[in-house]
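Reproduced below: data-v5.cif, with mmCIF, C-alpha atoms.
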data_protein
loop_
_atom_site.label_atom_id
_atom_site.label_comp_id
_atom_site.auth_asym_id
_atom_site.auth_seq_id
_atom_site.Cartn_x
_atom_site.Cartn_y
_atom_site.Cartn_z
CA MET A 1 -32.83 11.32 202.86
CA SER A 2 -33.80 13.97 200.29
CA GLY A 3 -31.93 16.60 202.30
CA HIS A 4 -28.50 15.08 201.65
CA GLY A 5 -26.09 16.04 198.90
CA GLY A 6 -24.82 13.89 196.07
CA ASN A 7 -28.16 13.19 194.36
CA ILE A 8 -27.09 13.69 190.75
CA TYR A 9 -29.95 11.47 189.62
CA ALA A 10 -32.71 13.79 190.84
CA ALA A 11 -30.80 16.80 189.52
CA SER A 12 -30.56 15.17 186.11
CA ARG A 13 -34.32 14.58 186.07
CA ARG A 14 -35.00 18.19 187.09
CA THR A 15 -32.67 19.82 184.59
CA GLY A 16 -32.52 17.35 181.73
CA ILE A 17 -28.72 17.41 181.96
CA PRO A 18 -27.20 13.90 181.68
CA GLU A 19 -25.78 12.59 184.96
CA GLU A 20 -22.29 12.29 183.52
CA HIS A 21 -22.28 16.02 182.64
CA ILE A 22 -23.21 17.23 186.13
CA LEU A 23 -20.45 18.66 188.33
CA ASP A 24 -21.30 17.59 191.86
CA PHE A 25 -19.98 19.93 194.55
CA SER A 26 -22.80 18.94 196.92
CA ALA A 27 -21.06 15.72 198.06
CA SER A 28 -17.65 16.07 199.70
CA VAL A 29 -15.73 13.22 198.09
CA ASN A 30 -12.02 13.00 197.26
CA PRO A 31 -11.52 14.54 193.79
CA LEU A 32 -8.79 12.00 192.96
CA GLY A 33 -11.56 9.42 192.73
CA VAL A 34 -11.43 5.72 193.56
CA PRO A 35 -7.89 4.44 194.19
CA GLU A 36 -6.64 2.42 191.23
CA GLY A 37 -6.07 -0.67 193.36
CA ALA A 38 -9.60 -0.47 194.74
CA ALA A 39 -11.11 -0.30 191.26
CA LYS A 40 -9.08 -3.33 190.22
CA ALA A 41 -10.14 -5.20 193.37
CA ILE A 42 -13.80 -4.60 192.47
CA LYS A 43 -13.30 -5.91 188.93
CA ASP A 44 -11.48 -9.00 190.21
CA ALA A 45 -14.15 -9.68 192.85
CA ILE A 46 -16.99 -9.66 190.31
CA GLU A 47 -16.05 -13.20 189.26
CA ARG A 48 -16.78 -14.42 192.80
CA LEU A 49 -20.12 -12.72 193.36
CA TYR A 50 -21.90 -16.05 193.61
CA HIS A 51 -20.23 -16.47 197.02
CA TYR A 52 -21.64 -14.78 200.12
CA PRO A 53 -19.43 -12.03 201.57
CA GLU A 54 -17.78 -12.61 204.91
CA PRO A 55 -20.71 -12.07 207.30
CA TYR A 56 -18.97 -9.57 209.57
CA SER A 57 -16.19 -8.36 207.24
CA GLU A 58 -13.55 -10.34 209.12
CA GLY A 59 -10.73 -9.81 206.59
CA LEU A 60 -11.45 -6.12 206.29
CA THR A 61 -11.61 -5.81 210.07
CA LEU A 62 -8.06 -7.18 210.35
CA CYS A 63 -6.87 -4.72 207.70
CA ILE A 64 -8.50 -1.75 209.46
CA ALA A 65 -7.07 -2.86 212.80
CA ARG A 66 -3.55 -2.81 211.37
CA HIS A 67 -4.14 0.57 209.75
CA LEU A 68 -5.54 2.18 212.91
CA SER A 69 -3.27 0.27 215.33
CA VAL A 70 -6.20 -1.08 217.34
CA ASP A 71 -7.36 -4.53 218.37
CA PRO A 72 -9.58 -6.25 215.76
CA GLY A 73 -12.07 -7.08 218.51
CA THR A 74 -12.84 -3.37 218.92
CA ILE A 75 -13.99 -2.87 215.31
CA ILE A 76 -17.42 -3.29 213.70
CA CYS A 77 -17.76 -2.67 209.95
CA GLY A 78 -20.92 -1.36 208.37
CA ASN A 79 -22.66 -0.33 205.16
CA GLY A 80 -21.16 3.13 205.41
CA SER A 81 -20.78 4.85 208.77
CA THR A 82 -24.47 5.78 208.53
CA GLU A 83 -25.48 2.18 209.28
CA LEU A 84 -23.41 2.40 212.45
CA ILE A 85 -24.94 5.76 213.41
CA TYR A 86 -28.27 3.93 213.55
CA LEU A 87 -26.88 0.71 215.04
CA VAL A 88 -25.23 2.26 218.10
CA PRO A 89 -28.33 3.99 219.56
CA ARG A 90 -30.41 0.90 218.77
CA ALA A 91 -28.00 -1.20 220.82
CA LEU A 92 -27.23 1.22 223.67
CA ARG A 93 -30.73 2.79 224.02
CA PRO A 94 -29.94 6.36 225.12
CA GLY A 95 -32.73 8.29 226.81
CA LYS A 96 -31.18 11.76 226.81
CA ILE A 97 -28.85 12.84 224.02
CA LEU A 98 -26.62 15.85 223.31
CA ILE A 99 -26.15 17.06 219.73
CA PRO A 100 -24.46 20.30 218.62
CA ALA A 101 -26.13 22.31 215.86
CA PRO A 102 -25.39 22.53 213.04
CA THR A 103 -24.02 19.04 212.50
CA PHE A 104 -24.81 15.87 210.54
CA MET A 105 -28.57 15.41 210.63
CA GLU A 106 -28.73 11.63 210.91
CA TYR A 107 -27.65 11.60 214.58
CA GLU A 108 -30.94 13.11 215.68
CA ARG A 109 -33.03 10.81 213.51
CA ALA A 110 -31.14 7.69 214.58
CA CYS A 111 -31.65 8.46 218.27
CA ALA A 112 -35.32 9.32 217.79
CA ILE A 113 -35.93 5.99 216.09
CA SER A 114 -34.15 4.17 218.90
CA GLY A 115 -36.53 5.73 221.44
CA ALA A 116 -34.51 8.64 222.87
CA SER A 117 -36.94 10.75 224.88
CA GLU A 118 -35.00 13.98 225.33
CA GLN A 119 -32.59 15.94 223.18
CA VAL A 120 -30.24 18.71 224.29
CA ARG A 121 -29.22 20.83 221.31
CA LEU A 122 -26.09 22.94 221.77
CA GLN A 123 -26.31 25.85 219.32
CA LEU A 124 -22.98 26.75 217.71
CA GLN A 125 -22.43 30.44 217.01
CA PRO A 126 -21.60 31.84 213.55
CA GLU A 127 -19.60 34.72 215.03
CA ARG A 128 -17.28 32.07 216.49
CA ASP A 129 -17.05 30.15 213.19
CA PHE A 130 -19.38 27.51 214.67
CA ASP A 131 -16.61 26.17 216.93
CA VAL A 132 -17.81 23.78 219.64
CA PRO A 133 -17.57 25.56 223.04
CA LEU A 134 -15.96 22.77 225.03
CA ASP A 135 -16.94 24.00 228.49
CA ALA A 136 -20.57 24.35 227.42
CA PHE A 137 -20.46 20.96 225.69
CA MET A 138 -19.18 19.24 228.82
CA ARG A 139 -21.64 21.09 231.06
CA SER A 140 -24.46 19.98 228.78
CA MET A 141 -23.45 16.35 229.26
CA SER A 142 -23.78 16.67 233.03
CA GLY A 143 -26.49 18.07 235.27
CA ALA A 144 -29.10 16.60 237.58
CA ARG A 145 -29.79 14.02 234.89
CA PRO A 146 -26.66 13.53 232.75
CA CYS A 147 -26.94 12.76 229.07
CA ASP A 148 -26.70 9.12 228.04
CA MET A 149 -25.10 9.85 224.67
CA ALA A 150 -23.39 12.82 223.00
CA PHE A 151 -22.26 13.32 219.41
CA LEU A 152 -19.20 15.18 218.21
CA CYS A 153 -18.53 15.30 214.47
CA ASN A 154 -14.82 16.04 213.99
CA PRO A 155 -14.19 17.76 211.67
CA ASN A 156 -17.76 18.91 211.79
CA ASN A 157 -20.15 18.56 208.88
CA PRO A 158 -21.11 21.06 207.42
CA THR A 159 -18.75 23.62 208.99
CA GLY A 160 -15.39 21.88 208.56
CA ARG A 161 -14.29 23.03 212.00
CA LEU A 162 -11.94 20.79 213.96
CA VAL A 163 -11.75 20.15 217.70
CA ALA A 164 -8.13 19.52 218.72
CA ARG A 165 -7.29 15.96 219.74
CA ARG A 166 -6.45 16.93 223.32
CA ASP A 167 -9.81 18.66 223.66
CA VAL A 168 -11.71 15.67 222.31
CA LEU A 169 -9.96 13.51 224.90
CA GLU A 170 -10.90 15.97 227.64
CA CYS A 171 -14.53 15.63 226.56
CA ALA A 172 -14.12 11.85 226.54
CA ASP A 173 -12.80 11.91 230.11
CA GLU A 174 -15.80 13.98 231.19
CA ALA A 175 -18.13 11.58 229.37
CA ARG A 176 -16.65 8.69 231.32
CA ARG A 177 -17.17 10.54 234.60
CA GLN A 178 -20.80 11.22 233.67
CA GLY A 179 -21.49 7.74 232.30
CA CYS A 180 -22.32 9.27 228.90
CA TYR A 181 -21.28 7.63 225.63
CA LEU A 182 -19.34 10.13 223.49
CA ILE A 183 -19.60 9.26 219.81
CA VAL A 184 -16.87 10.98 217.80
CA ASP A 185 -17.68 10.88 214.10
CA GLU A 186 -14.38 11.00 212.20
CA ALA A 187 -15.90 10.63 208.73
CA PHE A 188 -13.57 13.33 207.36
CA VAL A 189 -10.60 12.93 209.71
CA ASP A 190 -8.47 11.28 206.98
CA PHE A 191 -7.97 14.84 205.70
CA CYS A 192 -6.43 15.78 209.09
CA PRO A 193 -5.32 12.38 210.50
CA GLU A 194 -3.40 13.83 213.43
CA ALA A 195 -6.74 14.62 215.11
CA SER A 196 -8.00 11.03 215.32
CA VAL A 197 -8.65 9.50 218.73
CA CYS A 198 -9.14 5.90 217.55
CA ASN A 199 -6.19 4.61 219.53
CA GLU A 200 -7.67 5.97 222.78
CA VAL A 201 -10.90 3.97 222.66
CA GLU A 202 -9.58 0.86 224.42
CA LYS A 203 -8.80 3.03 227.47
CA ASN A 204 -12.32 4.46 227.76
CA PRO A 205 -15.52 2.38 227.60
CA TYR A 206 -17.56 5.55 226.98
CA LEU A 207 -15.65 6.64 223.86
CA ILE A 208 -16.86 5.42 220.45
CA VAL A 209 -15.27 6.49 217.16
CA LEU A 210 -16.94 6.28 213.74
CA ARG A 211 -14.90 6.16 210.53
CA SER A 212 -15.99 6.36 206.89
CA MET A 213 -14.28 5.24 203.71
CA THR A 214 -16.77 6.93 201.39
CA LYS A 215 -15.17 10.39 201.64
CA PHE A 216 -11.39 10.11 201.50
CA TYR A 217 -11.32 6.95 199.37
CA ALA A 218 -14.26 7.99 197.13
CA LEU A 219 -16.12 4.72 197.74
CA SER A 220 -19.53 6.35 198.21
CA GLY A 221 -21.22 4.01 195.74
CA VAL A 222 -20.23 0.79 197.51
CA ARG A 223 -20.83 2.08 201.08
CA ILE A 224 -18.22 1.17 203.68
CA GLY A 225 -17.43 2.43 207.17
CA CYS A 226 -16.48 1.16 210.62
CA ALA A 227 -16.69 2.00 214.30
CA VAL A 228 -14.15 1.47 217.07
CA PHE A 229 -15.42 0.53 220.54
CA HIS A 230 -14.08 -0.49 223.90
CA PRO A 231 -14.13 -4.34 223.82
CA SER A 232 -16.93 -4.56 226.38
CA VAL A 233 -19.12 -2.15 224.40
CA ALA A 234 -18.29 -3.84 221.10
CA GLU A 235 -19.83 -7.06 222.40
CA LYS A 236 -23.05 -5.28 223.34
CA VAL A 237 -23.36 -3.63 219.93
CA LYS A 238 -22.47 -6.79 217.97
CA ALA A 239 -25.54 -8.46 219.45
CA TYR A 240 -27.68 -6.06 217.37
CA LYS A 241 -25.62 -6.25 214.17
CA GLU A 242 -27.09 -7.99 211.13
CA PRO A 243 -24.74 -10.20 209.07
CA TRP A 244 -23.77 -9.52 205.45
CA THR A 245 -24.45 -5.77 205.45
CA VAL A 246 -21.11 -5.08 203.73
CA ASN A 247 -20.97 -6.66 200.28
CA SER A 248 -17.98 -8.45 198.78
CA LEU A 249 -17.08 -5.64 196.40
CA ALA A 250 -17.00 -3.08 199.21
CA GLN A 251 -14.84 -5.29 201.41
CA LYS A 252 -12.25 -5.96 198.71
CA ALA A 253 -12.19 -2.35 197.54
CA ALA A 254 -11.74 -1.06 201.09
CA ILE A 255 -8.80 -3.37 201.78
CA ALA A 256 -7.06 -2.26 198.59
CA ALA A 257 -7.73 1.42 199.33
CA ILE A 258 -6.38 1.23 202.88
CA GLU A 259 -3.18 -0.40 201.66
CA ASP A 260 -2.53 2.35 199.07
CA VAL A 261 -0.08 4.60 200.90
CA LEU A 262 0.77 6.63 197.78
CA PHE A 263 -2.91 7.47 197.26
CA ARG A 264 -3.14 8.89 200.79
CA LYS A 265 -0.07 11.07 200.27
CA ALA A 266 -1.27 12.31 196.88
CA SER A 267 -4.73 13.06 198.26
CA LEU A 268 -3.44 15.16 201.14
CA GLU A 269 -1.15 17.14 198.84
CA ALA A 270 -3.88 17.72 196.26
CA MET A 271 -6.30 18.86 198.95
CA ARG A 272 -3.77 21.27 200.44
CA THR A 273 -3.18 22.87 197.05
CA GLU A 274 -6.82 23.01 195.96
CA LYS A 275 -8.12 24.34 199.27
CA ALA A 276 -5.74 27.28 198.96
CA PHE A 277 -6.94 27.85 195.39
CA VAL A 278 -10.62 27.74 196.37
CA GLU A 279 -10.10 30.09 199.32
CA ARG A 280 -8.39 32.65 197.09
CA GLY A 281 -11.21 32.37 194.59
CA LEU A 282 -13.96 32.84 197.18
CA LYS A 283 -12.21 35.88 198.62
CA GLY A 284 -11.88 37.32 195.12
CA ILE A 285 -15.63 36.97 194.54
CA GLY A 286 -16.38 38.39 197.98
CA ILE A 287 -18.14 35.30 199.36
CA ARG A 288 -17.80 34.70 203.10
CA PHE A 289 -16.80 31.20 204.17
CA VAL A 290 -16.00 29.38 207.37
CA PRO A 291 -12.32 28.33 207.59
CA SER A 292 -12.30 24.54 207.21
CA ARG A 293 -10.02 21.60 207.97
CA ALA A 294 -12.05 19.27 205.77
CA ASN A 295 -12.57 18.99 202.00
CA TYR A 296 -15.52 21.39 201.92
CA TYR A 297 -16.51 24.94 202.87
CA LEU A 298 -19.63 26.43 204.42
CA LEU A 299 -20.54 29.62 202.56
CA LYS A 300 -22.66 32.52 203.79
CA LEU A 301 -24.41 34.82 201.31
CA ASP A 302 -27.74 36.60 201.30
CA ARG A 303 -28.92 35.28 197.94
CA ALA A 304 -27.83 31.69 198.44
CA PRO A 305 -31.07 30.13 197.10
CA GLU A 306 -30.80 32.08 193.83
CA LEU A 307 -27.12 31.15 193.47
CA ARG A 308 -27.82 27.47 194.10
CA ALA A 309 -30.67 27.39 191.59
CA ALA A 310 -28.67 29.22 188.92
CA LEU A 311 -25.72 26.87 189.36
CA GLU A 312 -27.98 23.85 189.02
CA GLU A 313 -29.34 25.22 185.75
CA ARG A 314 -25.72 25.25 184.56
CA GLY A 315 -25.17 21.66 185.65
CA ILE A 316 -23.39 22.39 188.95
CA LEU A 317 -24.71 21.09 192.28
CA VAL A 318 -23.91 22.69 195.64
CA ARG A 319 -25.33 21.75 199.02
CA ASP A 320 -28.34 23.66 200.31
CA CYS A 321 -27.74 23.87 204.08
CA SER A 322 -31.11 25.27 205.12
CA GLY A 323 -32.12 21.84 206.43
CA PHE A 324 -29.36 21.73 209.04
CA PRO A 325 -30.65 22.71 212.49
CA GLY A 326 -29.04 26.02 213.34
CA LEU A 327 -28.64 27.19 209.73
CA ASP A 328 -30.98 29.02 207.38
CA GLY A 329 -31.34 29.58 203.66
CA THR A 330 -28.31 31.88 203.47
CA TYR A 331 -25.85 28.98 203.80
CA LEU A 332 -24.42 26.68 201.14
CA ARG A 333 -21.69 24.03 201.29
CA ILE A 334 -19.27 23.34 198.47
CA ALA A 335 -16.82 20.49 198.10
CA VAL A 336 -13.21 20.99 197.03
CA ARG A 337 -12.64 19.13 193.76
CA SER A 338 -10.03 19.12 190.97
CA ARG A 339 -8.39 22.30 189.68
CA LYS A 340 -10.41 22.17 186.45
CA GLU A 341 -13.70 21.69 188.31
CA ASN A 342 -12.87 24.26 191.00
CA THR A 343 -12.05 26.78 188.30
CA ILE A 344 -15.39 26.20 186.58
CA LEU A 345 -17.28 26.55 189.87
CA LEU A 346 -15.55 29.79 190.84
CA GLN A 347 -16.03 31.30 187.38
CA GLU A 348 -19.72 30.42 187.34
CA MET A 349 -20.24 31.69 190.88
CA ALA A 350 -18.52 34.96 190.02
CA ASP A 351 -20.71 35.41 186.96
CA ILE A 352 -23.95 34.60 188.80
CA CYS A 353 -23.11 36.77 191.81
CA ALA A 354 -22.37 39.69 189.48
CA ARG A 355 -25.77 39.22 187.82
CA LEU A 356 -27.52 39.01 191.20
CA SER A 357 -25.92 42.15 192.60
#
Written as structure tokens, that's how I'd like the structure from this file.
Amino acid sequence: MSGHGGNIYAASRRTGIPEEHILDFSASVNPLGVPEGAAKAIKDAIERLYHYPEPYSEGLTLCIARHLSVDPGTIICGNGSTELIYLVPRALRPGKILIPAPTFMEYERACAISGASEQVRLQLQPERDFDVPLDAFMRSMSGARPCDMAFLCNPNNPTGRLVARRDVLECADEARRQGCYLIVDEAFVDFCPEASVCNEVEKNPYLIVLRSMTKFYALSGVRIGCAVFHPSVAEKVKAYKEPWTVNSLAQKAAIAAIEDVLFRKASLEAMRTEKAFVERGLKGIGIRFVPSRANYYLLKLDRAPELRAALEERGILVRDCSGFPGLDGTYLRIAVRSRKENTILLQEMADICARLS
């Protein structure tokens, strides 16, 4: 797990800078922070911590079902969507898997642990902004021995590129024809909600959608996510699901966050404004970036390691992307944060890049 972003604790130990003084652009979390109602729900729930949480997050499941307009029986909640990334292969036992590269690294590890014997890696091309070539993706699912499971992160992490909803559904139709489970990871889709395919899952037993509440609702510290399955597949996966993996504080906070319509509207507006500001700033410095539909950008620059190290010395963390299959040490990822924080980052990057040139 050392390759992931968001580890302010290790950075504090390395630099001697107190955790509260570190600006973390390595984790792509909503800069508006935890919704006010969610914070209050956590405080209120502390008084009842002597009770066990609902074993399978039944109340939260009903809330998510209303929010996504799906049947509650299709939803499984987890300790962040990462728990579900590991749960699904453990339950469905794929032998041959398809994973684009670069993408979220835990897919590969989860399938390897579950016993997958063969991996097909579809390399995404930088000259095409790392867009998923749909024809090649669907061809890779098929063949003399079709894949048993394929992953599609949408928008993709770390590139921020989005596959249009109609194209995801075309891939899902092909997956059904091939008998291949297509897992669509929508961890960041709240920033572009029109692209979600959650309401199509009940029509296709080979389509599985993962959702996270740690990004858009800034609930990273309490860990909460869910997956939407066809009812028949949900029953198979539930047989492998441990009880009580989502604590009481997470359940209450998630319900309050989902019900906060004003927070969603404010978040989308803030992100629209700040993404435009960050893009102008990067262009002004002369740093190449991949156009993104999410709340982060993949940067390309020759002296990325030096820039990352210099920023850390100044108390600013950015994501080293050299560990992503398909990327090398010339790539970094930055989150989009508040105007004050974005301004600091851009100023420091401009200063460091000028010194490095």
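Take the candidates A:Met149, A:Ala227, A:Ala11, A:Cys171 and check each one against A:Ile64 using only C-alpha atoms; the shortest distance goes to A:Ala227.
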If we count all atoms listed in the file, what is near A:Asn247 at a cut-off of 9 Å, once residues fewer than 3 positions away on the same chain are taken out, given as a ChimeraX atom specification?
/A:52-55,57,79,222-224,244,250-252
Export C-alpha atoms of the chosen residues as a PDB file, in the frame of the given file?
ATOM      1  CA  TYR A  52     -21.640 -14.780 200.120  1.00  0.00           C
ATOM      2  CA  PRO A  53     -19.430 -12.030 201.570  1.00  0.00           C
ATOM      3  CA  GLU A  54     -17.780 -12.610 204.910  1.00  0.00           C
ATOM      4  CA  PRO A  55     -20.710 -12.070 207.300  1.00  0.00           C
ATOM      5  CA  SER A  57     -16.190  -8.360 207.240  1.00  0.00           C
ATOM      6  CA  ASN A  79     -22.660  -0.330 205.160  1.00  0.00           C
ATOM      7  CA  VAL A 222     -20.230   0.790 197.510  1.00  0.00           C
ATOM      8  CA  ARG A 223     -20.830   2.080 201.080  1.00  0.00           C
ATOM      9  CA  ILE A 224     -18.220   1.170 203.680  1.00  0.00           C
ATOM     10  CA  TRP A 244     -23.770  -9.520 205.450  1.00  0.00           C
ATOM     11  CA  ALA A 250     -17.000  -3.080 199.210  1.00  0.00           C
ATOM     12  CA  GLN A 251     -14.840  -5.290 201.410  1.00  0.00           C
ATOM     13  CA  LYS A 252     -12.250  -5.960 198.710  1.00  0.00           C
TER      14      LYS A 252
END
Might you spell out which residues the PyMOL selection byres ((chain A and resi 74) around 10) would select in the displayed file, as a count of residues only?
20
Distance of atom CA of A:Val163 from atom CA of A:Pro133, expressed in Å to one decimal place:
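So the answer is 9.6 Å.
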With all atoms listed in the file as the counted atoms, please give the residues lying no more than 12 Å from A:Gly286, apart from itself and same-chain residues fewer than 3 positions off, as a PyMOL selection string.
chain A and resi 279-283+289+299-302+346+349-350+353-354+357
Choose the residue, out of A:Met213, A:Met138, A:Leu68, A:Ala304, that has the smallest atom-to-atom separation from A:Thr330; count all atoms listed in the file.
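With all atoms listed in the file as the atom set, the closest residue is A:Ala304.
Using only C-alpha atoms, the nearest neighbour of A:Pro102 within the list A:Cys153, A:Ala175, A:Cys77, A:Ile17 is A:Cys153.
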Using all atoms listed in the file, find the one residue out of A:Ala187, A:Ala45, A:Ala27, A:Met105 that sits nearest to A:Arg319.
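Selected residue with least distance to A:Arg319: A:Ala27.
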Give me the stretch 58-89 of chain A side of the contact with stretch 258-262 of chain A, cut-off 10 Å, one line per residue showing its nearest atom pair and distance in Å at one decimal, counting all atoms listed in the file, sorted by chain and residue number, as JSON lines.
{"residue": "A:Leu60", "atom": "CA", "partner": "A:Ile258", "partner_atom": "CA", "distance": 9.6}
{"residue": "A:Cys63", "atom": "CA", "partner": "A:Ile258", "partner_atom": "CA", "distance": 7.7}
{"residue": "A:Ile64", "atom": "CA", "partner": "A:Ile258", "partner_atom": "CA", "distance": 7.5}
{"residue": "A:Arg66", "atom": "CA", "partner": "A:Ile258", "partner_atom": "CA", "distance": 9.8}
{"residue": "A:His67", "atom": "CA", "partner": "A:Ile258", "partner_atom": "CA", "distance": 7.3}
Which distance in Å separates atom CA of A:Gly5 and atom CA of A:Glu194, to one decimal?
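Atom CA of A:Glu194 lies at a distance of 27.0 Å from atom CA of A:Gly5.
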Separation of atom CA of A:Gly160 from atom CA of A:Tyr206, in Å and rounded to one decimal
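That distance, rounded to one decimal, is 24.7 Å.
Closest to A:Pro18 among A:Arg303, A:Arg314, A:Arg339, A:Lys238 is A:Arg314, based on all atoms listed in the file.
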Identify the residues within 9 Å of coordinate (-25.2, 14.5, 191.2) (same frame as the file), considering all atoms listed in the file, and give the answer as JSON, numbers by chain.
{"A": [5, 6, 7, 8, 9, 10, 11, 12, 19, 20, 22, 23, 24, 25, 26, 27, 316, 317]}
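The smallest atom-to-atom distance between A:Ala172 and any of A:Ala91, A:Cys226, A:Val209, A:Ala144, using only C-alpha atoms, is found for A:Val209.
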If we count all atoms listed in the file, what is near A:Ala218 at a cut-off of 7 Å, once residues fewer than 4 positions away on the same chain are taken out, given as a list in words?
Val29, Asn30, Gly33, Val34 and Thr214 of chain A
Can you write just those residues out, C-alpha atoms, as a PDB file, keeping the file's coordinate frame?
ATOM      1  CA  VAL A  29     -15.730  13.220 198.090  1.00  0.00           C
ATOM      2  CA  ASN A  30     -12.020  13.000 197.260  1.00  0.00           C
ATOM      3  CA  GLY A  33     -11.560   9.420 192.730  1.00  0.00           C
ATOM      4  CA  VAL A  34     -11.430   5.720 193.560  1.00  0.00           C
ATOM      5  CA  THR A 214     -16.770   6.930 201.390  1.00  0.00           C
TER       6      THR A 214
END
First collect every listed atom of stretch 333-340 of chain A; then fit an axis-aligned box around them, widen it by 8 Å on each side, and give centre and edge lengths in Å to one decimal, as AutoDock Vina command-line options.
--center_x -15.0 --center_y 21.6 --center_z 193.9 --size_x 29.3 --size_y 20.9 --size_z 30.8
Can you tell me which residues surround A:Asp135 at a distance of at most 12 Å, considering all atoms listed in the file, apart from same-chain residues fewer than 2 positions away, and format the answer as a PyMOL selection string?
chain A and resi 122+131-133+137-142+167-168+170-171+174
Return as an mmCIF file with C-alpha atoms, keeping the file's coordinate frame the set of residues that the PyMOL selection byres ((chain A and resi 158) around 12) yields on the displayed structure.
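Saved to out_32.cif:
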data_model
loop_
_atom_site.group_PDB
_atom_site.id
_atom_site.type_symbol
_atom_site.label_atom_id
_atom_site.label_comp_id
_atom_site.auth_asym_id
_atom_site.auth_seq_id
_atom_site.Cartn_x
_atom_site.Cartn_y
_atom_site.Cartn_z
ATOM 1 C CA HIS A 4 -28.500 15.080 201.650
ATOM 2 C CA GLY A 5 -26.090 16.040 198.900
ATOM 3 C CA SER A 26 -22.800 18.940 196.920
ATOM 4 C CA ALA A 27 -21.060 15.720 198.060
ATOM 5 C CA SER A 28 -17.650 16.070 199.700
ATOM 6 C CA PRO A 100 -24.460 20.300 218.620
ATOM 7 C CA ALA A 101 -26.130 22.310 215.860
ATOM 8 C CA PRO A 102 -25.390 22.530 213.040
ATOM 9 C CA THR A 103 -24.020 19.040 212.500
ATOM 10 C CA PHE A 104 -24.810 15.870 210.540
ATOM 11 C CA MET A 105 -28.570 15.410 210.630
ATOM 12 C CA LEU A 124 -22.980 26.750 217.710
ATOM 13 C CA ASP A 129 -17.050 30.150 213.190
ATOM 14 C CA PHE A 130 -19.380 27.510 214.670
ATOM 15 C CA ASP A 131 -16.610 26.170 216.930
ATOM 16 C CA CYS A 153 -18.530 15.300 214.470
ATOM 17 C CA ASN A 154 -14.820 16.040 213.990
ATOM 18 C CA PRO A 155 -14.190 17.760 211.670
ATOM 19 C CA ASN A 156 -17.760 18.910 211.790
ATOM 20 C CA ASN A 157 -20.150 18.560 208.880
ATOM 21 C CA THR A 159 -18.750 23.620 208.990
ATOM 22 C CA GLY A 160 -15.390 21.880 208.560
ATOM 23 C CA ARG A 161 -14.290 23.030 212.000
ATOM 24 C CA LEU A 162 -11.940 20.790 213.960
ATOM 25 C CA ALA A 187 -15.900 10.630 208.730
ATOM 26 C CA PHE A 188 -13.570 13.330 207.360
ATOM 27 C CA PHE A 289 -16.800 31.200 204.170
ATOM 28 C CA VAL A 290 -16.000 29.380 207.370
ATOM 29 C CA PRO A 291 -12.320 28.330 207.590
ATOM 30 C CA SER A 292 -12.300 24.540 207.210
ATOM 31 C CA ARG A 293 -10.020 21.600 207.970
ATOM 32 C CA ALA A 294 -12.050 19.270 205.770
ATOM 33 C CA ASN A 295 -12.570 18.990 202.000
ATOM 34 C CA TYR A 296 -15.520 21.390 201.920
ATOM 35 C CA TYR A 297 -16.510 24.940 202.870
ATOM 36 C CA LEU A 298 -19.630 26.430 204.420
ATOM 37 C CA LEU A 299 -20.540 29.620 202.560
ATOM 38 C CA ARG A 319 -25.330 21.750 199.020
ATOM 39 C CA ASP A 320 -28.340 23.660 200.310
ATOM 40 C CA CYS A 321 -27.740 23.870 204.080
ATOM 41 C CA SER A 322 -31.110 25.270 205.120
ATOM 42 C CA GLY A 323 -32.120 21.840 206.430
ATOM 43 C CA PHE A 324 -29.360 21.730 209.040
ATOM 44 C CA PRO A 325 -30.650 22.710 212.490
ATOM 45 C CA GLY A 326 -29.040 26.020 213.340
ATOM 46 C CA LEU A 327 -28.640 27.190 209.730
ATOM 47 C CA TYR A 331 -25.850 28.980 203.800
ATOM 48 C CA LEU A 332 -24.420 26.680 201.140
ATOM 49 C CA ARG A 333 -21.690 24.030 201.290
ATOM 50 C CA ILE A 334 -19.270 23.340 198.470
ATOM 51 C CA ALA A 335 -16.820 20.490 198.100
#
For this structure, which residues satisfy the selection - the PyMOL selection byres ((chain A and resi 272) around 12) - when it is evaluated on the file as given? I want them as a ChimeraX atom specification.
/A:191-192,265-271,273-279,292-296,336-339
Output the selection as an mmCIF file, keeping the file's coordinate frame - C-alpha atoms for each residue.
data_model
loop_
_atom_site.group_PDB
_atom_site.id
_atom_site.type_symbol
_atom_site.label_atom_id
_atom_site.label_comp_id
_atom_site.auth_asym_id
_atom_site.auth_seq_id
_atom_site.Cartn_x
_atom_site.Cartn_y
_atom_site.Cartn_z
ATOM 1 C CA PHE A 191 -7.970 14.840 205.700
ATOM 2 C CA CYS A 192 -6.430 15.780 209.090
ATOM 3 C CA LYS A 265 -0.070 11.070 200.270
ATOM 4 C CA ALA A 266 -1.270 12.310 196.880
ATOM 5 C CA SER A 267 -4.730 13.060 198.260
ATOM 6 C CA LEU A 268 -3.440 15.160 201.140
ATOM 7 C CA GLU A 269 -1.150 17.140 198.840
ATOM 8 C CA ALA A 270 -3.880 17.720 196.260
ATOM 9 C CA MET A 271 -6.300 18.860 198.950
ATOM 10 C CA THR A 273 -3.180 22.870 197.050
ATOM 11 C CA GLU A 274 -6.820 23.010 195.960
ATOM 12 C CA LYS A 275 -8.120 24.340 199.270
ATOM 13 C CA ALA A 276 -5.740 27.280 198.960
ATOM 14 C CA PHE A 277 -6.940 27.850 195.390
ATOM 15 C CA VAL A 278 -10.620 27.740 196.370
ATOM 16 C CA GLU A 279 -10.100 30.090 199.320
ATOM 17 C CA SER A 292 -12.300 24.540 207.210
ATOM 18 C CA ARG A 293 -10.020 21.600 207.970
ATOM 19 C CA ALA A 294 -12.050 19.270 205.770
ATOM 20 C CA ASN A 295 -12.570 18.990 202.000
ATOM 21 C CA TYR A 296 -15.520 21.390 201.920
ATOM 22 C CA VAL A 336 -13.210 20.990 197.030
ATOM 23 C CA ARG A 337 -12.640 19.130 193.760
ATOM 24 C CA SER A 338 -10.030 19.120 190.970
ATOM 25 C CA ARG A 339 -8.390 22.300 189.680
#
